[in-house]
Structure formats: structure tokens, C-alpha cells
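J.: For reference, the file entry.json (JSON, C-alpha atoms) is included below:
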[["chain", "number", "residue", "atom", "x", "y", "z"],
["S", 97, "MET", "CA", -23.36, -57.62, -39.34],
["S", 98, "ALA", "CA", -20.95, -56.50, -42.01],
["S", 99, "ASN", "CA", -22.53, -58.14, -45.01],
["S", 100, "PRO", "CA", -25.98, -56.47, -45.01],
["S", 101, "LEU", "CA", -24.18, -53.16, -44.39],
["S", 102, "LYS", "CA", -21.93, -53.79, -47.38],
["S", 103, "LEU", "CA", -24.93, -54.61, -49.59],
["S", 104, "TYR", "CA", -26.72, -51.46, -48.43],
["S", 105, "LEU", "CA", -23.68, -49.29, -49.15],
["S", 106, "THR", "CA", -23.17, -50.93, -52.57],
["S", 107, "CYS", "CA", -26.79, -50.23, -53.45],
["S", 108, "VAL", "CA", -26.47, -46.59, -52.38],
["S", 109, "ARG", "CA", -23.19, -46.24, -54.28],
["S", 110, "ASN", "CA", -24.64, -47.67, -57.50],
["S", 111, "THR", "CA", -27.73, -45.50, -57.25],
["S", 112, "LEU", "CA", -25.60, -42.40, -56.65],
["S", 113, "GLU", "CA", -23.35, -43.20, -59.61],
["S", 114, "ALA", "CA", -26.40, -43.43, -61.83],
["S", 115, "ALA", "CA", -28.19, -40.42, -60.34],
["S", 116, "MET", "CA", -25.25, -38.01, -60.31],
["S", 117, "CYS", "CA", -25.74, -36.80, -63.87],
["S", 118, "LEU", "CA", -25.89, -33.08, -63.29],
["S", 119, "GLN", "CA", -25.54, -30.20, -65.72],
["S", 120, "ASN", "CA", -25.92, -26.47, -65.50],
["S", 121, "PHE", "CA", -29.52, -25.32, -65.92],
["S", 122, "PRO", "CA", -30.46, -21.65, -65.39],
["S", 123, "CYS", "CA", -33.79, -21.00, -63.71],
["S", 124, "GLN", "CA", -36.74, -21.14, -66.12],
["S", 125, "GLU", "CA", -38.98, -18.75, -64.22],
["S", 126, "VAL", "CA", -36.63, -15.94, -63.26],
["S", 127, "GLU", "CA", -33.98, -14.72, -65.66],
["S", 128, "ARG", "CA", -30.35, -14.63, -64.61],
["S", 129, "HIS", "CA", -31.10, -16.89, -61.65],
["S", 130, "ASN", "CA", -29.59, -20.32, -61.15],
["S", 131, "LYS", "CA", -31.25, -22.38, -58.44],
["S", 132, "PRO", "CA", -30.93, -26.04, -57.38],
["S", 133, "GLU", "CA", -34.12, -27.47, -58.85],
["S", 134, "VAL", "CA", -34.35, -30.33, -56.36],
["S", 135, "GLU", "CA", -34.93, -27.83, -53.54],
["S", 136, "LEU", "CA", -37.63, -25.81, -55.26],
["S", 137, "LYS", "CA", -39.47, -28.57, -57.16],
["S", 138, "THR", "CA", -41.34, -26.03, -59.31],
["S", 139, "SER", "CA", -41.16, -27.88, -62.65],
["S", 140, "PRO", "CA", -41.94, -31.62, -62.68],
["S", 141, "GLU", "CA", -40.12, -32.15, -65.99],
["S", 142, "LEU", "CA", -36.81, -31.32, -64.32],
["S", 143, "LEU", "CA", -37.15, -33.89, -61.55],
["S", 144, "LEU", "CA", -36.45, -37.61, -61.52],
["S", 145, "ASN", "CA", -38.24, -40.15, -59.33],
["S", 146, "PRO", "CA", -37.04, -39.97, -55.73],
["S", 147, "VAL", "CA", -35.65, -43.24, -54.45],
["S", 148, "LEU", "CA", -35.87, -44.49, -50.87],
["S", 149, "ILE", "CA", -33.39, -47.21, -49.89],
["S", 150, "CYS", "CA", -34.13, -48.75, -46.49],
["S", 151, "ARG", "CA", -31.72, -51.06, -44.79],
["S", 152, "ASN", "CA", -34.23, -51.88, -42.05],
["S", 153, "GLU", "CA", -36.94, -50.09, -40.11],
["S", 154, "ALA", "CA", -34.50, -47.63, -38.53],
["S", 155, "GLU", "CA", -31.97, -46.77, -41.25],
["S", 156, "LYS", "CA", -32.84, -45.31, -44.61],
["S", 157, "CYS", "CA", -31.49, -43.10, -47.34],
["S", 158, "LEU", "CA", -33.56, -40.84, -49.61],
["S", 159, "ILE", "CA", -32.01, -39.81, -52.93],
["S", 160, "GLU", "CA", -33.77, -37.11, -54.93],
["S", 161, "THR", "CA", -32.32, -35.98, -58.26],
["S", 162, "SER", "CA", -33.04, -33.16, -60.63],
["S", 163, "ILE", "CA", -31.31, -31.74, -63.67],
["S", 164, "ASN", "CA", -28.80, -29.62, -61.80],
["S", 165, "SER", "CA", -28.80, -30.92, -58.23],
["S", 166, "LEU", "CA", -29.00, -34.01, -56.10],
["S", 167, "ARG", "CA", -30.18, -34.28, -52.51],
["S", 168, "ILE", "CA", -29.26, -37.20, -50.25],
["S", 169, "SER", "CA", -30.95, -37.50, -46.84],
["S", 170, "LEU", "CA", -29.85, -40.05, -44.27],
["S", 171, "LYS", "CA", -31.48, -41.43, -41.19],
["S", 172, "VAL", "CA", -28.91, -43.13, -38.94],
["S", 173, "LYS", "CA", -29.53, -46.03, -36.59],
["S", 174, "GLN", "CA", -30.51, -44.94, -33.08],
["S", 175, "ALA", "CA", -30.93, -47.91, -30.78],
["S", 176, "ASP", "CA", -31.70, -46.16, -27.49],
["S", 177, "GLU", "CA", -32.30, -42.77, -25.92],
["S", 178, "LEU", "CA", -28.60, -42.05, -25.36],
["S", 179, "GLU", "CA", -27.72, -42.78, -29.01],
["S", 180, "ASN", "CA", -30.63, -40.56, -30.01],
["S", 181, "ILE", "CA", -29.23, -37.59, -28.10],
["S", 182, "LEU", "CA", -25.64, -38.23, -29.20],
["S", 183, "ALA", "CA", -26.62, -38.55, -32.85],
["S", 184, "LYS", "CA", -28.68, -35.37, -32.75],
["S", 185, "LYS", "CA", -25.87, -33.36, -31.10],
["S", 186, "PHE", "CA", -23.14, -34.75, -33.31],
["S", 187, "LEU", "CA", -25.02, -34.22, -36.57],
["S", 188, "ARG", "CA", -26.13, -30.75, -35.50],
["S", 189, "PHE", "CA", -22.46, -29.94, -34.85],
["S", 190, "LEU", "CA", -21.60, -31.04, -38.39],
["S", 191, "SER", "CA", -24.56, -29.28, -40.00],
["S", 192, "MET", "CA", -23.67, -25.96, -38.33],
["S", 193, "ARG", "CA", -20.27, -26.16, -40.03],
["S", 194, "ALA", "CA", -21.81, -26.93, -43.42],
["S", 195, "GLU", "CA", -19.74, -24.20, -45.12],
["S", 196, "ALA", "CA", -16.59, -26.19, -44.55],
["S", 197, "PHE", "CA", -18.09, -29.35, -46.04],
["S", 198, "GLN", "CA", -19.55, -27.54, -49.10],
["S", 199, "VAL", "CA", -21.89, -30.41, -49.98],
["S", 200, "LEU", "CA", -23.66, -30.52, -46.60],
["S", 201, "ARG", "CA", -27.09, -28.97, -46.13],
["S", 202, "ARG", "CA", -27.57, -26.74, -43.09],
["S", 203, "LYS", "CA", -30.86, -28.31, -42.11],
["S", 204, "PRO", "CA", -31.75, -31.96, -42.63],
["S", 205, "VAL", "CA", -34.87, -32.76, -44.60],
["S", 206, "GLN", "CA", -37.98, -33.38, -42.48],
["S", 207, "GLY", "CA", -37.89, -36.92, -41.10],
["S", 208, "TYR", "CA", -34.14, -37.44, -41.56],
["S", 209, "ASP", "CA", -30.99, -36.77, -39.54],
["S", 210, "ILE", "CA", -28.65, -35.22, -42.07],
["S", 211, "SER", "CA", -28.83, -34.08, -45.70],
["S", 212, "PHE", "CA", -26.37, -33.42, -48.49],
["S", 213, "LEU", "CA", -27.00, -31.12, -51.45],
["S", 214, "ILE", "CA", -24.74, -31.67, -54.47],
["S", 215, "THR", "CA", -25.03, -29.24, -57.35],
["S", 216, "ASN", "CA", -23.53, -29.20, -60.84],
["S", 217, "TYR", "CA", -20.93, -26.70, -59.62],
["S", 218, "HIS", "CA", -19.66, -29.24, -57.10],
["S", 219, "CYS", "CA", -19.42, -31.84, -59.86],
["S", 220, "GLU", "CA", -17.45, -29.43, -62.01],
["S", 221, "GLU", "CA", -14.98, -28.55, -59.28],
["S", 222, "MET", "CA", -14.66, -31.97, -57.68],
["S", 223, "GLN", "CA", -14.48, -35.47, -59.05],
["S", 224, "LYS", "CA", -17.79, -37.36, -59.14],
["S", 225, "GLN", "CA", -16.18, -40.59, -57.92],
["S", 226, "LYS", "CA", -14.58, -38.83, -54.97],
["S", 227, "LEU", "CA", -17.90, -37.21, -54.01],
["S", 228, "ILE", "CA", -19.60, -40.60, -54.02],
["S", 229, "ASP", "CA", -16.72, -42.12, -52.04],
["S", 230, "PHE", "CA", -17.10, -39.33, -49.49],
["S", 231, "ILE", "CA", -20.82, -39.92, -48.99],
["S", 232, "VAL", "CA", -20.49, -43.70, -48.69],
["S", 233, "GLN", "CA", -17.51, -43.35, -46.33],
["S", 234, "PHE", "CA", -19.56, -40.91, -44.24],
["S", 235, "MET", "CA", -22.39, -43.43, -43.97],
["S", 236, "GLU", "CA", -19.95, -46.11, -42.89],
["S", 237, "ASP", "CA", -18.15, -43.95, -40.34],
["S", 238, "ILE", "CA", -21.17, -42.31, -38.71],
["S", 239, "ASP", "CA", -22.19, -45.55, -36.99],
["S", 240, "LYS", "CA", -18.67, -46.07, -35.65],
["S", 241, "GLU", "CA", -18.46, -42.48, -34.42],
["S", 242, "ILE", "CA", -21.72, -42.70, -32.52],
["S", 243, "SER", "CA", -20.75, -46.02, -30.90],
["S", 244, "GLU", "CA", -17.42, -44.49, -29.83],
["S", 245, "LEU", "CA", -19.16, -41.46, -28.36],
["S", 246, "LYS", "CA", -21.58, -43.70, -26.49],
["S", 247, "MET", "CA", -18.75, -45.79, -25.09],
["S", 248, "SER", "CA", -16.82, -42.71, -23.92],
["S", 249, "VAL", "CA", -19.96, -41.32, -22.24],
["S", 250, "SER", "CA", -20.54, -44.61, -20.38],
["S", 251, "THR", "CA", -16.88, -44.86, -19.33],
["S", 252, "ARG", "CA", -16.83, -41.30, -18.07],
["S", 253, "GLY", "CA", -20.11, -41.79, -16.23],
["S", 254, "ARG", "CA", -18.74, -44.89, -14.55],
["S", 255, "LEU", "CA", -15.51, -43.12, -13.49],
["S", 256, "VAL", "CA", -17.36, -40.12, -12.11],
["S", 257, "ALA", "CA", -19.80, -42.30, -10.18],
["S", 258, "THR", "CA", -16.95, -44.42, -8.72],
["S", 259, "GLU", "CA", -15.05, -41.35, -7.58],
["S", 260, "PHE", "CA", -18.13, -39.71, -6.11],
["S", 261, "LEU", "CA", -19.34, -42.76, -4.25],
["S", 262, "LYS", "CA", -15.85, -43.43, -2.78],
["S", 263, "GLN", "CA", -16.46, -40.73, -0.21],
["S", 264, "PHE", "CA", -19.33, -42.74, 1.21],
["S", 265, "LEU", "CA", -17.27, -45.90, 1.72],
["K", 30, "MET", "CA", -67.18, -35.05, -71.32],
["K", 31, "MET", "CA", -63.98, -36.61, -72.56],
["K", 32, "ALA", "CA", -62.66, -36.61, -69.00],
["K", 33, "GLY", "CA", -65.87, -38.31, -67.82],
["K", 34, "ALA", "CA", -65.57, -40.98, -70.50],
["K", 35, "GLU", "CA", -61.92, -41.51, -69.56],
["K", 36, "LYS", "CA", -62.86, -41.97, -65.90],
["K", 37, "ILE", "CA", -65.39, -44.67, -66.78],
["K", 38, "VAL", "CA", -62.84, -46.42, -68.98],
["K", 39, "GLU", "CA", -60.35, -46.21, -66.12],
["K", 40, "ALA", "CA", -62.81, -47.82, -63.67],
["K", 41, "ASP", "CA", -63.59, -50.73, -66.02],
["K", 42, "ASN", "CA", -59.94, -51.03, -66.77],
["K", 43, "SER", "CA", -59.12, -51.20, -63.05],
["K", 44, "GLU", "CA", -61.55, -54.06, -62.50],
["K", 45, "ALA", "CA", -60.17, -55.90, -65.51],
["K", 46, "ILE", "CA", -56.62, -55.32, -64.35],
["K", 47, "ILE", "CA", -57.35, -56.54, -60.84],
["K", 48, "THR", "CA", -58.98, -59.67, -62.23],
["K", 49, "ARG", "CA", -55.92, -60.27, -64.39],
["K", 50, "ILE", "CA", -53.66, -59.80, -61.37],
["K", 51, "GLU", "CA", -55.70, -62.35, -59.42],
["K", 52, "HIS", "CA", -55.29, -64.86, -62.28],
["K", 53, "LYS", "CA", -51.55, -64.19, -62.24],
["K", 54, "SER", "CA", -51.46, -64.68, -58.49],
["K", 55, "ARG", "CA", -53.08, -68.10, -58.75],
["K", 56, "LYS", "CA", -50.66, -69.14, -61.51],
["K", 57, "ILE", "CA", -47.72, -67.96, -59.42],
["K", 58, "GLU", "CA", -48.87, -69.92, -56.35],
["K", 59, "SER", "CA", -49.02, -73.10, -58.42],
["K", 60, "LEU", "CA", -45.58, -72.43, -59.95],
["K", 61, "LEU", "CA", -44.11, -71.87, -56.49],
["K", 62, "LYS", "CA", -45.58, -75.17, -55.29],
["K", 63, "GLN", "CA", -43.81, -76.85, -58.23],
["K", 64, "ASN", "CA", -40.59, -75.23, -56.98],
["K", 65, "LYS", "CA", -40.12, -72.96, -60.01],
["K", 66, "PRO", "CA", -39.45, -69.53, -58.46],
["K", 67, "VAL", "CA", -37.87, -68.02, -61.61],
["K", 68, "GLU", "CA", -40.90, -68.82, -63.79],
["K", 69, "ALA", "CA", -43.09, -67.41, -61.03],
["K", 70, "LEU", "CA", -41.12, -64.15, -61.11],
["K", 71, "LYS", "CA", -41.35, -64.01, -64.93],
["K", 72, "THR", "CA", -45.12, -64.47, -64.75],
["K", 73, "ALA", "CA", -45.37, -61.76, -62.12],
["K", 74, "LEU", "CA", -43.33, -59.29, -64.18],
["K", 75, "GLU", "CA", -45.25, -59.90, -67.41],
["K", 76, "GLY", "CA", -47.78, -57.21, -68.18],
["K", 77, "SER", "CA", -46.24, -54.92, -65.58],
["K", 78, "PRO", "CA", -46.57, -52.14, -64.78],
["K", 79, "PRO", "CA", -50.34, -51.97, -65.19],
["K", 80, "VAL", "CA", -51.25, -49.10, -67.51],
["K", 81, "THR", "CA", -53.41, -47.21, -65.06],
["K", 82, "ARG", "CA", -53.17, -44.44, -62.49],
["K", 83, "ASP", "CA", -55.12, -46.48, -59.96],
["K", 84, "GLU", "CA", -53.00, -47.07, -56.86],
["K", 85, "ARG", "CA", -54.89, -50.24, -55.91],
["K", 86, "CYS", "CA", -53.89, -51.98, -59.15],
["K", 87, "LYS", "CA", -50.27, -50.99, -58.68],
["K", 88, "SER", "CA", -50.34, -52.19, -55.06],
["K", 89, "ALA", "CA", -52.01, -55.46, -56.05],
["K", 90, "ASN", "CA", -49.38, -56.04, -58.72],
["K", 91, "TRP", "CA", -46.62, -55.20, -56.25],
["K", 92, "ILE", "CA", -47.96, -57.77, -53.76],
["K", 93, "VAL", "CA", -47.83, -60.45, -56.45],
["K", 94, "VAL", "CA", -44.28, -59.54, -57.53],
["K", 95, "HIS", "CA", -43.21, -59.39, -53.87],
["K", 96, "ARG", "CA", -44.47, -62.92, -53.27],
["K", 97, "ALA", "CA", -42.48, -64.25, -56.21],
["K", 98, "LEU", "CA", -39.37, -62.24, -55.31],
["K", 99, "MET", "CA", -39.24, -63.44, -51.68],
["K", 100, "ALA", "CA", -39.45, -67.06, -52.82],
["K", 101, "ILE", "CA", -36.19, -66.83, -54.74],
["K", 102, "LYS", "CA", -33.27, -68.38, -52.87],
["K", 103, "ASN", "CA", -30.59, -68.60, -55.56],
["K", 104, "VAL", "CA", -30.06, -65.09, -56.94],
["K", 105, "GLU", "CA", -27.19, -65.98, -59.30],
["K", 106, "GLY", "CA", -29.13, -68.84, -60.82],
["K", 107, "MET", "CA", -32.15, -66.62, -61.32],
["K", 108, "PHE", "CA", -30.23, -64.23, -63.57],
["K", 109, "SER", "CA", -28.97, -66.97, -65.81],
["K", 110, "SER", "CA", -32.55, -67.81, -66.77],
["K", 111, "LEU", "CA", -34.17, -64.35, -66.66],
["K", 112, "ASP", "CA", -34.40, -62.53, -70.03],
["K", 113, "PRO", "CA", -32.85, -59.03, -70.27],
["K", 114, "GLU", "CA", -36.22, -57.52, -71.21],
["K", 115, "TYR", "CA", -37.35, -58.01, -67.60],
["K", 116, "TYR", "CA", -34.36, -56.20, -66.08],
["K", 117, "ASP", "CA", -35.80, -52.68, -66.23],
["K", 118, "ILE", "CA", -39.15, -53.58, -64.72],
["K", 119, "LEU", "CA", -37.48, -55.71, -62.06],
["K", 120, "MET", "CA", -35.30, -52.73, -61.07],
["K", 121, "LYS", "CA", -38.40, -50.56, -60.58],
["K", 122, "TYR", "CA", -39.96, -53.18, -58.32],
["K", 123, "LEU", "CA", -36.70, -53.52, -56.38],
["K", 124, "TYR", "CA", -36.80, -49.82, -55.55],
["K", 125, "ARG", "CA", -40.39, -50.17, -54.47],
["K", 126, "GLY", "CA", -39.34, -53.04, -52.22],
["K", 127, "LEU", "CA", -36.46, -51.03, -50.77],
["K", 128, "SER", "CA", -38.83, -48.21, -49.85],
["K", 129, "THR", "CA", -41.01, -50.47, -47.72],
["K", 130, "GLY", "CA", -38.50, -50.68, -44.87],
["K", 131, "ASP", "CA", -39.49, -54.23, -43.93],
["K", 132, "ARG", "CA", -36.28, -56.06, -43.01],
["K", 133, "PRO", "CA", -36.58, -59.38, -44.95],
["K", 134, "THR", "CA", -37.90, -57.57, -48.04],
["K", 135, "CYS", "CA", -35.05, -55.06, -47.91],
["K", 136, "ASP", "CA", -32.43, -57.78, -47.43],
["K", 137, "GLN", "CA", -33.70, -59.71, -50.43],
["K", 138, "CYS", "CA", -34.04, -56.57, -52.56],
["K", 139, "LEU", "CA", -30.51, -55.44, -51.69],
["K", 140, "ARG", "CA", -29.12, -58.85, -52.68],
["K", 141, "VAL", "CA", -30.95, -58.87, -56.00],
["K", 142, "HIS", "CA", -30.11, -55.20, -56.64],
["K", 143, "GLU", "CA", -26.38, -55.82, -56.40],
["K", 144, "LYS", "CA", -26.48, -58.71, -58.88],
["K", 145, "LEU", "CA", -28.87, -56.92, -61.21],
["K", 146, "THR", "CA", -26.62, -53.85, -61.35],
["K", 147, "GLU", "CA", -23.66, -56.08, -62.20],
["K", 148, "ARG", "CA", -25.69, -57.63, -65.02],
["K", 149, "ALA", "CA", -27.64, -54.69, -66.39],
["K", 150, "GLY", "CA", -25.36, -51.77, -65.53],
["K", 151, "LEU", "CA", -26.09, -48.25, -64.36],
["K", 152, "GLY", "CA", -28.36, -47.56, -67.34],
["K", 153, "CYS", "CA", -30.97, -49.82, -65.81],
["K", 154, "ILE", "CA", -30.96, -47.76, -62.60],
["K", 155, "LEU", "CA", -31.17, -44.51, -64.52],
["K", 156, "ARG", "CA", -34.10, -45.74, -66.62],
["K", 157, "SER", "CA", -36.01, -46.61, -63.46],
["K", 158, "LEU", "CA", -35.25, -43.13, -62.04],
["K", 159, "ALA", "CA", -36.13, -41.26, -65.20],
["K", 160, "ASP", "CA", -39.39, -43.01, -66.07],
["K", 161, "THR", "CA", -42.03, -40.82, -64.45],
["K", 162, "VAL", "CA", -44.84, -42.15, -66.67],
["K", 163, "ASN", "CA", -44.76, -45.92, -66.05],
["K", 164, "THR", "CA", -44.28, -45.98, -62.31],
["K", 165, "VAL", "CA", -44.84, -49.06, -60.17]]
Starting from the file, lay out its structure as C-alpha cells.
T.:
Amino acid sequence: MANPLKLYLTCVRNTLEAAMCLQNFPCQEVERHNKPEVELKTSPELLLNPVLICRNEAEKCLIETSINSLRISLKVKQADELENILAKKFLRFLSMRAEAFQVLRRKPVQGYDISFLITNYHCEEMQKQKLIDFIVQFMEDIDKEISELKMSVSTRGRLVATEFLKQFL
Amino acid sequence: MMAGAEKIVEADNSEAIITRIEHKSRKIESLLKQNKPVEALKTALEGSPPVTRDERCKSANWIVVHRALMAIKNVEGMFSSLDPEYYDILMKYLYRGLSTGDRPTCDQCLRVHEKLTERAGLGCILRSLADTVNTV
């Protein structure tokens, strides 16, 4: 249904707009180092409360913010075994090419399918609104992509089976 | 010794808080029977979050707020009668509801979240993210 999806995406968008308040913050422990604090979690005063937004039992989105970085982890809907495999392969394909995406994380956080890591440098180079648009658009499109992949797998399977079984007619 | 004294105070406090939450729960049930969901929500949000680190008190309070929140049918109408001082605490409970993953709760929380953000703005969201002391 479109409407619950729209509400879910609006909620994620609003939360991201509020949470994406990043500034440069050099590492407190080691001099001359600059690390994304949300990944290390060494100092509690630099972290905000993590927020988990669930659309239902299967889909959720975890947003963790810190002073200089923001991590968004998504779990996409996987209705059956085939969608499970397709989603895993597709998202692994994207994660391996994380360099090209810049904001993508090479490995998803434990328990999720894909993760984004946005640092203050990204916010300086790119527009905050466009980053948020990208993430929300990604969430919208991932479901469509996986359904398309599933449909093409079923069609191809059917064609192959028809051709193969013709020889037995 | 101070830590010991604090622990004892905490335990008494927890019992007192849980008793208070039970009183609130009874009041809310009666308000819901009289078909006044907005007053029920206001009663639930008053005195929240409980000033304690005890997870049982927080959970008990959440159950009460959840009951009142699920009873609300008209979200627009609710905001016209809810005072702005309740917005911040309501936002914290909405995020707690969204983390449960239970479908009807999430649907309701998403609906209320959209309207609350329109009313209260992004500052409300940021205050609920930044407040690490008074968590719900």
C-alpha cells in the first residue's frame, strides 16, 4: 500500500533532516586523527540517542548520529526465500562498489541489509537536502528493484523449463 | 555509603512510581470509557518520563501511554487540544513506539509523527535525539 510507505518515508526524512547536523570534530584521544565518532563510540558525550523506525516486523531503519557522522542502516522487506537471495546478492553488489557511492558503507551493520555512513566532509561537499533525497529515493527504489529482479527470474525460469520440456512432447 | 543510600532511595522511589503509574492507568481507563482519548493521553504524558533508571518503571509508563495513544482515532483533532508542552515528551514516546516493530503501533505512531513534526518542527525531533538523560 502506498500510504503507509509514504508515512514511513516522511518519518525517515524528517528524522534525517533533524539528525544531519554534523560538524568537524578531531579525535579527542589521538592527536591529528579525525575519525567518524558514530563508528567508534568511544565517548558517550559525542553520541545522540539512536533511533529505530520500524514500518512493520520485516522493514526497519536504524539512524545513529554523533557529532561528526551519521549512520543509517536499512533492513529491506524479504517476503520469501527467493527475495532473500536476490536482496542479499543485489545489496552485496552495491556494497562492494561503495567507493563510487561515497556515502555507502562496505559492510552492513549486524542485523541489517545495507548501511550508509555520512560524515561532515560529505555534508561540506554535497548538499544536505540532496543527500537526504538520495537516501529516501534509495529506500523507495530498492523494493521496486527487487520485485523486478524476482519477476525476471521467474520469467526466465518459465521460459527455460518450457524449452527444455518441449523435447519430451 | 552514599551509593548504598541512593540505591535504597531508588527502590522506594520505584515502588512509589509504579503505584502512581497504576493510579494513572485506572484514570485513563475511565477516561477512555467516557470517550475522551485526548484527556487520556494528557494524563498519560503527565509526570513522564519517570525520574528513575529503573527499566520496569519506564516500561510500565510506556504501556500506559501506548494504551492511550492507540485509542486515538482523530489525529488532527488531537493536536488542536493538546498543549505544546506535551510535544517533546510525546515525540520521545513515538520513537519508542516505532522501535517496537508491531504493525498497528507503528502505523499509529507514523501517523502521529507526521502531524507532530508539522506542528512542532524539527527542533522537537532533535530534542528527543539529544536528551540522553531523560530517556523513555
J.: Using only C-alpha atoms, determine which residues lie at most 10 Å from Ile101 in chain K, disregarding the query and same-chain residues fewer than 5 positions distant; provide the list as a ChimeraX atom specification.
T.: /K:61,64-67,69-70,96,106-107,137,141
J.: Restricting it to C-alpha atoms, dump the selection as a compact mmCIF listing (two decimals), in the coordinates of the input.
T.:
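Below you can see result_37.txt, which holds the result:
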# COMPACT_ATOMS: atom_id res chain seq x y z
CA LEU K 61 -44.11 -71.87 -56.49
CA ASN K 64 -40.59 -75.23 -56.98
CA LYS K 65 -40.12 -72.96 -60.01
CA PRO K 66 -39.45 -69.53 -58.46
CA VAL K 67 -37.87 -68.02 -61.61
CA ALA K 69 -43.09 -67.41 -61.03
CA LEU K 70 -41.12 -64.15 -61.11
CA ARG K 96 -44.47 -62.92 -53.27
CA GLY K 106 -29.13 -68.84 -60.82
CA MET K 107 -32.15 -66.62 -61.32
CA GLN K 137 -33.70 -59.71 -50.43
CA VAL K 141 -30.95 -58.87 -56.00
J.: Would you write out, as a Markdown table, a table of all residues in chain K that have an atom no more than 10 Å from an atom of chain S, listing for each the closest atom pair and the distance in Å to one decimal, considering all atoms listed in the file and ordering rows by chain and rising residue number?
T.:
| residue | atom | partner | partner_atom | distance |
| --- | --- | --- | --- | --- |
| K:Lys121 | CA | S:Val147 | CA | 9.9 |
| K:Leu123 | CA | S:Ile149 | CA | 9.6 |
| K:Tyr124 | CA | S:Val147 | CA | 6.8 |
| K:Arg125 | CA | S:Leu148 | CA | 8.1 |
| K:Gly126 | CA | S:Ile149 | CA | 8.6 |
| K:Leu127 | CA | S:Ile149 | CA | 5.0 |
| K:Ser128 | CA | S:Leu148 | CA | 4.9 |
| K:Thr129 | CA | S:Cys150 | CA | 7.2 |
| K:Gly130 | CA | S:Glu153 | CA | 5.0 |
| K:Asp131 | CA | S:Asn152 | CA | 6.1 |
| K:Arg132 | CA | S:Asn152 | CA | 4.8 |
| K:Pro133 | CA | S:Asn152 | CA | 8.4 |
| K:Thr134 | CA | S:Asn152 | CA | 9.0 |
| K:Cys135 | CA | S:Arg151 | CA | 6.1 |
| K:Asp136 | CA | S:Pro100 | CA | 7.0 |
| K:Gln137 | CA | S:Pro100 | CA | 10.0 |
| K:Cys138 | CA | S:Cys107 | CA | 9.7 |
| K:Leu139 | CA | S:Leu103 | CA | 6.0 |
| K:Arg140 | CA | S:Leu103 | CA | 6.7 |
| K:Val141 | CA | S:Leu103 | CA | 9.8 |
| K:His142 | CA | S:Cys107 | CA | 6.8 |
| K:Glu143 | CA | S:Cys107 | CA | 6.3 |
| K:Thr146 | CA | S:Asn110 | CA | 7.5 |
| K:Glu147 | CA | S:Asn110 | CA | 9.7 |
| K:Gly150 | CA | S:Asn110 | CA | 9.0 |
| K:Leu151 | CA | S:Ala114 | CA | 5.5 |
| K:Gly152 | CA | S:Ala114 | CA | 7.2 |
| K:Cys153 | CA | S:Ala114 | CA | 8.8 |
| K:Ile154 | CA | S:Ala114 | CA | 6.3 |
| K:Leu155 | CA | S:Ala114 | CA | 5.6 |
| K:Arg156 | CA | S:Ala114 | CA | 9.4 |
| K:Ser157 | CA | S:Asn145 | CA | 8.0 |
| K:Leu158 | CA | S:Asn145 | CA | 5.0 |
| K:Ala159 | CA | S:Leu144 | CA | 5.2 |
| K:Asp160 | CA | S:Asn145 | CA | 7.4 |
| K:Thr161 | CA | S:Asn145 | CA | 6.4 |
| K:Thr164 | CA | S:Asn145 | CA | 8.9 |
J.: One decimal, in Å: what's the spacing between CA of Glu114 in chain K and CA of Glu68 in chain K?
T.: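 Separation between CA of Glu114 in chain K and CA of Glu68 in chain K: 14.3 Å.
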J.: Would you list the residues near (-19.0, -48.2, -40.8) (no more than 12 Å away, in the coordinates of the file, using only C-alpha atoms) as a list in words?
T.: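 It turns out the residues near that spot are Met97, Ala98, Asn99, Pro100, Leu101, Lys102, Tyr104, Leu105, Val172, Lys173, Ile231, Val232, Gln233, Phe234, Met235, Glu236, Asp237, Ile238, Asp239, Lys240, Glu241, Ile242, Ser243 and Glu244 of chain S.
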J.: Using only C-alpha atoms, determine which residues lie at most 12 Å from Lys185 in chain S, disregarding the query and same-chain residues fewer than 4 positions distant; provide the list as a list in words.
T.: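 Listed by chain and then number, they are Leu178, Glu179, Asn180, Ile181, Phe189, Leu190, Ser191, Met192, Asp209, Ile210, Ile242 and Leu245 of chain S.
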J.: Which residues come within 12 Å of Arg49 in chain K, counting only C-alpha atoms, excluding same-chain residues fewer than 3 positions away, as a list in words?
T.: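 What passes the distance filter is Asn42, Ser43, Glu44, Ala45, Ile46, His52, Lys53, Ser54, Arg55, Lys56, Thr72, Ala73, Glu75, Gly76, Ser77, Pro79, Cys86, Ala89, Asn90 and Val93 of chain K.
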J.: Emit the selected residues as an mmCIF file, in the coordinates of the input, including C-alpha atoms.
T.:
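Written out: out_27.cif:
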data_model
loop_
_atom_site.group_PDB
_atom_site.id
_atom_site.type_symbol
_atom_site.label_atom_id
_atom_site.label_comp_id
_atom_site.auth_asym_id
_atom_site.auth_seq_id
_atom_site.Cartn_x
_atom_site.Cartn_y
_atom_site.Cartn_z
ATOM 1 C CA ASN K 42 -59.940 -51.030 -66.770
ATOM 2 C CA SER K 43 -59.120 -51.200 -63.050
ATOM 3 C CA GLU K 44 -61.550 -54.060 -62.500
ATOM 4 C CA ALA K 45 -60.170 -55.900 -65.510
ATOM 5 C CA ILE K 46 -56.620 -55.320 -64.350
ATOM 6 C CA HIS K 52 -55.290 -64.860 -62.280
ATOM 7 C CA LYS K 53 -51.550 -64.190 -62.240
ATOM 8 C CA SER K 54 -51.460 -64.680 -58.490
ATOM 9 C CA ARG K 55 -53.080 -68.100 -58.750
ATOM 10 C CA LYS K 56 -50.660 -69.140 -61.510
ATOM 11 C CA THR K 72 -45.120 -64.470 -64.750
ATOM 12 C CA ALA K 73 -45.370 -61.760 -62.120
ATOM 13 C CA GLU K 75 -45.250 -59.900 -67.410
ATOM 14 C CA GLY K 76 -47.780 -57.210 -68.180
ATOM 15 C CA SER K 77 -46.240 -54.920 -65.580
ATOM 16 C CA PRO K 79 -50.340 -51.970 -65.190
ATOM 17 C CA CYS K 86 -53.890 -51.980 -59.150
ATOM 18 C CA ALA K 89 -52.010 -55.460 -56.050
ATOM 19 C CA ASN K 90 -49.380 -56.040 -58.720
ATOM 20 C CA VAL K 93 -47.830 -60.450 -56.450
#
J.: In Å, how far is it from CA of Lys87 in chain K to CA of Ser139 in chain S?
T.: 25.2 Å
J.: Counting only C-alpha atoms, figure out which residue out of S:Val134, S:Met247, S:Leu142, S:Cys123 gets nearest to Phe212 in chain S.
T.: S:Val134
J.: Find, counting all atoms listed in the file, the residue in K:Val162, K:Ala97, K:Val80, K:Ala149 that gets nearest to Ser59 in chain K.
T.: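 Closest residue, counting all atoms listed in the file: K:Ala97.
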J.: Figure out the distance between CA of Thr81 in chain K and CA of Ile57 in chain K, please, to one decimal in Å.
T.: 22.2 Å
J.: Would you mind listing what lies within 12 Å of range 197-200 of chain S as a list in words, with all atoms listed in the file counted and same-chain residues fewer than 6 positions away left out?
T.: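 Here the qualifying residues turn out to be Ser165, Leu166, Arg167, Ile168, Ser169, Leu170, Leu187, Arg188, Phe189, Leu190, Ser191, Asp209, Ile210, Ser211, Phe212, Leu213, Ile214, Thr215, Asn216, Tyr217, His218, Cys219, Glu221, Met222, Leu227, Ile228, Phe230, Ile231 and Phe234 of chain S.
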